[in-house]
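Here's the structure, in structure tokens; my notes come after.
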Amino acid sequence: MKFDWHGGMISPTTEIDSDYKNTQNVRRFLSSQCGSDFKFDRELMAWIRNGLAKNMGDVVDEWKRRRGRR
């Protein structure tokens with residue numbers, strides 16, 4: 001079953017599927033986990049869509065790793 005990236009309840013365990021979208025819902029979740037200075041950049045978006053299995057918690061960890069934070 002497809003995940004609703006626009007309105008679904010996102011958690012750190014939400015799997016990223018082939019229909020993943022950078023929606024306002026995703027942005028709200030990532031801002032709540034990463035801080036108000038969260039923003040997408042091309043490198044992060046490419047990493048999210050690189051075809052490897054990951055979940056939203058992995059995205060949070062990667063964003064923080066790239067910013068030198070934990």
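Labeling convention for the structure tokens: chains A, B, ... as they appear, residues from 1 per chain, ligands from 1 in order of appearance.
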
Discussion item. Please identify the helix (DSSP H, G or I) residues within stretch 5-69 of chain A (assignment by DSSP from backbone atoms) and present them as a VMD selection string.
Written reply: chain A and resid 24 to 34 42 to 48 56 to 66

Discussion item. For A:Leu44, find every residue with an atom within 8 Å (counting only C-alpha atoms), except residues of its own chain fewer than 4 positions away, and show them as an NGL selection string.
Written reply: :A and (40 or 48 or 63)

Keeping N, CA, C and O atoms, export the residues of the selection given above as a PDB file, in the first residue's frame.
ATOM      1  N   PHE A  40      15.794  21.373   2.786  1.00  0.00           N
ATOM      2  CA  PHE A  40      16.275  20.425   1.791  1.00  0.00           C
ATOM      3  C   PHE A  40      17.367  21.081   0.970  1.00  0.00           C
ATOM      4  O   PHE A  40      17.321  22.276   0.708  1.00  0.00           O
ATOM      5  N   ILE A  48      18.340  10.837  -0.457  1.00  0.00           N
ATOM      6  CA  ILE A  48      17.054  10.219  -0.125  1.00  0.00           C
ATOM      7  C   ILE A  48      16.602   9.303  -1.256  1.00  0.00           C
ATOM      8  O   ILE A  48      16.109   8.204  -1.022  1.00  0.00           O
ATOM      9  N   TRP A  63      20.806  14.126   7.839  1.00  0.00           N
ATOM     10  CA  TRP A  63      20.816  15.597   7.850  1.00  0.00           C
ATOM     11  C   TRP A  63      21.677  16.107   8.998  1.00  0.00           C
ATOM     12  O   TRP A  63      22.501  17.004   8.816  1.00  0.00           O
TER      13      TRP A  63
END

Item to complete: Determine the nearest neighbour of A:Lys64 from the options A:Phe38, A:Phe3, A:Phe29, A:Tyr20, counting only C-alpha atoms.
Response: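 The closest residue to A:Lys64 is A:Phe38.
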
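Among the candidates A:Ser36, A:Asn25, A:Leu30, A:Met9, the one nearest to A:Val59 when counting only C-alpha atoms is A:Leu30.
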
Discussion item. Using Å and a single decimal, report how far atom CA of A:Gly8 sits from atom CA of A:Cys34.
Written reply: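 Atom-to-atom, atom CA of A:Cys34 to atom CA of A:Gly8, that is 19.1 Å.
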